[in-house]
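Here's the structure, in structure tokens; my notes come after.
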Amino acid sequence: MAKKIKLVKSLIGRKKDQIATANSLGLKKIGDTTEQPENEATLGKIKKISHLIEVTEA
């Protein structure tokens, strides 16, 4: 299964590690969407920036 992830809040003013996590998921600006596999690494990244993104099942 895969997760569809969309950036809904700005990265401006966020901590460097949160920005790096969003970039590693392929999210650079508001509205960017990516599809990621559902594994431990991805779920950890989602948890770290959960307040900035929307997650749905793909």
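Just so we're on the same page: first chain in the structure tokens is A, next is B, and so on; residues restart at 1 for each chain, and ligands are numbered from 1 in the order they show up.
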
Residues of chain A in helix (DSSP H, G or I) according to DSSP, as an mmCIF file with N, CA and C atoms, in the first residue's frame?
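selection.cif, freshly written:
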```cif
data_model
loop_
_atom_site.group_PDB
_atom_site.id
_atom_site.type_symbol
_atom_site.label_atom_id
_atom_site.label_comp_id
_atom_site.auth_asym_id
_atom_site.auth_seq_id
_atom_site.Cartn_x
_atom_site.Cartn_y
_atom_site.Cartn_z
ATOM 1 N N LYS A 16 14.917 23.393 10.808
ATOM 2 C CA LYS A 16 15.662 22.837 9.671
ATOM 3 C C LYS A 16 15.381 21.361 9.460
ATOM 4 N N ASP A 17 15.215 20.607 10.543
ATOM 5 C CA ASP A 17 14.960 19.178 10.382
ATOM 6 C C ASP A 17 13.576 18.906 9.788
ATOM 7 N N GLN A 18 12.596 19.763 10.089
ATOM 8 C CA GLN A 18 11.265 19.599 9.496
ATOM 9 C C GLN A 18 11.294 19.930 8.008
ATOM 10 N N ILE A 19 12.025 20.970 7.643
ATOM 11 C CA ILE A 19 12.161 21.330 6.230
ATOM 12 C C ILE A 19 12.864 20.203 5.475
ATOM 13 N N ALA A 20 13.920 19.657 6.064
ATOM 14 C CA ALA A 20 14.656 18.564 5.433
ATOM 15 C C ALA A 20 13.772 17.328 5.268
ATOM 16 N N THR A 21 12.931 17.050 6.250
ATOM 17 C CA THR A 21 12.021 15.910 6.168
ATOM 18 C C THR A 21 11.016 16.100 5.040
ATOM 19 N N ALA A 22 10.443 17.290 4.924
ATOM 20 C CA ALA A 22 9.501 17.574 3.844
ATOM 21 C C ALA A 22 10.187 17.446 2.491
ATOM 22 N N ASN A 23 11.395 17.971 2.377
ATOM 23 C CA ASN A 23 12.135 17.882 1.117
ATOM 24 C C ASN A 23 12.451 16.439 0.760
ATOM 25 N N SER A 24 12.753 15.614 1.755
ATOM 26 C CA SER A 24 13.064 14.212 1.487
ATOM 27 C C SER A 24 11.842 13.450 0.980
ATOM 28 N N GLU A 40 8.340 1.786 7.456
ATOM 29 C CA GLU A 40 8.684 2.425 8.730
ATOM 30 C C GLU A 40 9.313 3.801 8.543
ATOM 31 N N ALA A 41 10.186 3.939 7.565
ATOM 32 C CA ALA A 41 10.859 5.220 7.328
ATOM 33 C C ALA A 41 9.855 6.303 6.937
ATOM 34 N N THR A 42 8.969 5.978 6.023
ATOM 35 C CA THR A 42 7.970 6.947 5.577
ATOM 36 C C THR A 42 7.020 7.313 6.704
ATOM 37 N N LEU A 43 6.586 6.337 7.480
ATOM 38 C CA LEU A 43 5.662 6.613 8.581
ATOM 39 C C LEU A 43 6.316 7.501 9.631
ATOM 40 N N GLY A 44 7.599 7.335 9.861
ATOM 41 C CA GLY A 44 8.326 8.204 10.786
ATOM 42 C C GLY A 44 8.390 9.638 10.282
ATOM 43 N N LYS A 45 8.619 9.805 8.989
ATOM 44 C CA LYS A 45 8.662 11.143 8.393
ATOM 45 C C LYS A 45 7.286 11.805 8.478
ATOM 46 N N ILE A 46 6.240 11.024 8.210
ATOM 47 C CA ILE A 46 4.871 11.549 8.289
ATOM 48 C C ILE A 46 4.571 12.017 9.711
ATOM 49 N N LYS A 47 4.973 11.233 10.695
ATOM 50 C CA LYS A 47 4.722 11.602 12.089
ATOM 51 C C LYS A 47 5.445 12.889 12.469
ATOM 52 N N LYS A 48 6.662 13.069 11.950
ATOM 53 C CA LYS A 48 7.483 14.225 12.298
ATOM 54 C C LYS A 48 6.872 15.537 11.794
#
```

Show me, as an MDAnalysis selection string, the residues that have an atom within 10 Å of Ser10 of chain A when counting only C-alpha atoms, minus same-chain residues fewer than 6 positions from it. chainID A and resid 19 28:31 52:53

Shell around His51 of chain A at 10 Å using only C-alpha atoms, local window under 5 positions removed, as a ChimeraX atom specification: /A:7-9,46

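Residues in contact range of Thr56 of chain A, defined as at most 9 Å between only C-alpha atoms, with sequence neighbours fewer than 6 positions away removed, read Ala2, Lys3, Lys4, Ile5 and Lys6 of chain A.
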
Enumerate the residues of chain A with a DSSP assignment of strand (DSSP E or B), computed from the backbone, and present them as a list in words.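 Across chain A, those assigned strand (DSSP E or B) are Ala2, Lys3, Lys4, Ile5, Lys6, Leu7, Thr33, Thr34, Glu35, Gln36, Pro37, Ile53, Glu54, Val55, Thr56 and Glu57 of chain A.
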
Output file for the selection above: N, CA, C and O atoms, as a PDB file, in the first residue's frame:
```pdb
ATOM      1  N   ALA A   2       0.309   2.311  -0.511  1.00  0.00           N
ATOM      2  CA  ALA A   2       1.051   3.564  -0.579  1.00  0.00           C
ATOM      3  C   ALA A   2       0.244   4.668   0.095  1.00  0.00           C
ATOM      4  O   ALA A   2      -0.970   4.563   0.261  1.00  0.00           O
ATOM      5  N   LYS A   3       0.948   5.699   0.469  1.00  0.00           N
ATOM      6  CA  LYS A   3       0.329   6.875   1.089  1.00  0.00           C
ATOM      7  C   LYS A   3       0.466   8.050   0.134  1.00  0.00           C
ATOM      8  O   LYS A   3       1.519   8.250  -0.470  1.00  0.00           O
ATOM      9  N   LYS A   4      -0.600   8.824   0.008  1.00  0.00           N
ATOM     10  CA  LYS A   4      -0.568  10.048  -0.781  1.00  0.00           C
ATOM     11  C   LYS A   4      -0.416  11.205   0.207  1.00  0.00           C
ATOM     12  O   LYS A   4      -1.230  11.358   1.110  1.00  0.00           O
ATOM     13  N   ILE A   5       0.632  11.996   0.036  1.00  0.00           N
ATOM     14  CA  ILE A   5       0.975  13.044   0.994  1.00  0.00           C
ATOM     15  C   ILE A   5       0.934  14.388   0.299  1.00  0.00           C
ATOM     16  O   ILE A   5       1.508  14.554  -0.780  1.00  0.00           O
ATOM     17  N   LYS A   6       0.247  15.356   0.926  1.00  0.00           N
ATOM     18  CA  LYS A   6       0.124  16.703   0.359  1.00  0.00           C
ATOM     19  C   LYS A   6       0.550  17.727   1.393  1.00  0.00           C
ATOM     20  O   LYS A   6       0.103  17.677   2.543  1.00  0.00           O
ATOM     21  N   LEU A   7       1.404  18.665   0.981  1.00  0.00           N
ATOM     22  CA  LEU A   7       1.847  19.740   1.871  1.00  0.00           C
ATOM     23  C   LEU A   7       0.772  20.821   1.889  1.00  0.00           C
ATOM     24  O   LEU A   7       0.417  21.370   0.848  1.00  0.00           O
ATOM     25  N   THR A  33       2.224  17.341  -4.042  1.00  0.00           N
ATOM     26  CA  THR A  33       1.705  16.037  -3.659  1.00  0.00           C
ATOM     27  C   THR A  33       2.681  14.967  -4.096  1.00  0.00           C
ATOM     28  O   THR A  33       3.294  15.071  -5.150  1.00  0.00           O
ATOM     29  N   THR A  34       2.819  13.942  -3.274  1.00  0.00           N
ATOM     30  CA  THR A  34       3.692  12.825  -3.604  1.00  0.00           C
ATOM     31  C   THR A  34       3.072  11.532  -3.118  1.00  0.00           C
ATOM     32  O   THR A  34       2.222  11.540  -2.224  1.00  0.00           O
ATOM     33  N   GLU A  35       3.474  10.436  -3.732  1.00  0.00           N
ATOM     34  CA  GLU A  35       3.006   9.126  -3.312  1.00  0.00           C
ATOM     35  C   GLU A  35       4.212   8.352  -2.799  1.00  0.00           C
ATOM     36  O   GLU A  35       5.210   8.215  -3.496  1.00  0.00           O
ATOM     37  N   GLN A  36       4.127   7.870  -1.574  1.00  0.00           N
ATOM     38  CA  GLN A  36       5.244   7.195  -0.930  1.00  0.00           C
ATOM     39  C   GLN A  36       4.807   5.804  -0.469  1.00  0.00           C
ATOM     40  O   GLN A  36       3.653   5.602  -0.105  1.00  0.00           O
ATOM     41  N   PRO A  37       5.747   4.842  -0.456  1.00  0.00           N
ATOM     42  CA  PRO A  37       5.410   3.507   0.058  1.00  0.00           C
ATOM     43  C   PRO A  37       5.161   3.562   1.557  1.00  0.00           C
ATOM     44  O   PRO A  37       5.711   4.417   2.250  1.00  0.00           O
ATOM     45  N   ILE A  53       1.038  18.466   6.876  1.00  0.00           N
ATOM     46  CA  ILE A  53       0.627  17.684   5.713  1.00  0.00           C
ATOM     47  C   ILE A  53      -0.750  17.069   5.897  1.00  0.00           C
ATOM     48  O   ILE A  53      -1.281  17.017   6.995  1.00  0.00           O
ATOM     49  N   GLU A  54      -1.304  16.596   4.752  1.00  0.00           N
ATOM     50  CA  GLU A  54      -2.517  15.781   4.727  1.00  0.00           C
ATOM     51  C   GLU A  54      -2.130  14.439   4.150  1.00  0.00           C
ATOM     52  O   GLU A  54      -1.453  14.388   3.124  1.00  0.00           O
ATOM     53  N   VAL A  55      -2.552  13.359   4.785  1.00  0.00           N
ATOM     54  CA  VAL A  55      -2.207  12.022   4.328  1.00  0.00           C
ATOM     55  C   VAL A  55      -3.473  11.254   3.997  1.00  0.00           C
ATOM     56  O   VAL A  55      -4.424  11.246   4.786  1.00  0.00           O
ATOM     57  N   THR A  56      -3.486  10.612   2.818  1.00  0.00           N
ATOM     58  CA  THR A  56      -4.607   9.754   2.413  1.00  0.00           C
ATOM     59  C   THR A  56      -4.038   8.450   1.847  1.00  0.00           C
ATOM     60  O   THR A  56      -2.866   8.403   1.470  1.00  0.00           O
ATOM     61  N   GLU A  57      -4.876   7.449   1.781  1.00  0.00           N
ATOM     62  CA  GLU A  57      -4.468   6.181   1.166  1.00  0.00           C
ATOM     63  C   GLU A  57      -4.502   6.362  -0.353  1.00  0.00           C
ATOM     64  O   GLU A  57      -5.426   6.952  -0.895  1.00  0.00           O
TER      65      GLU A  57
END
```
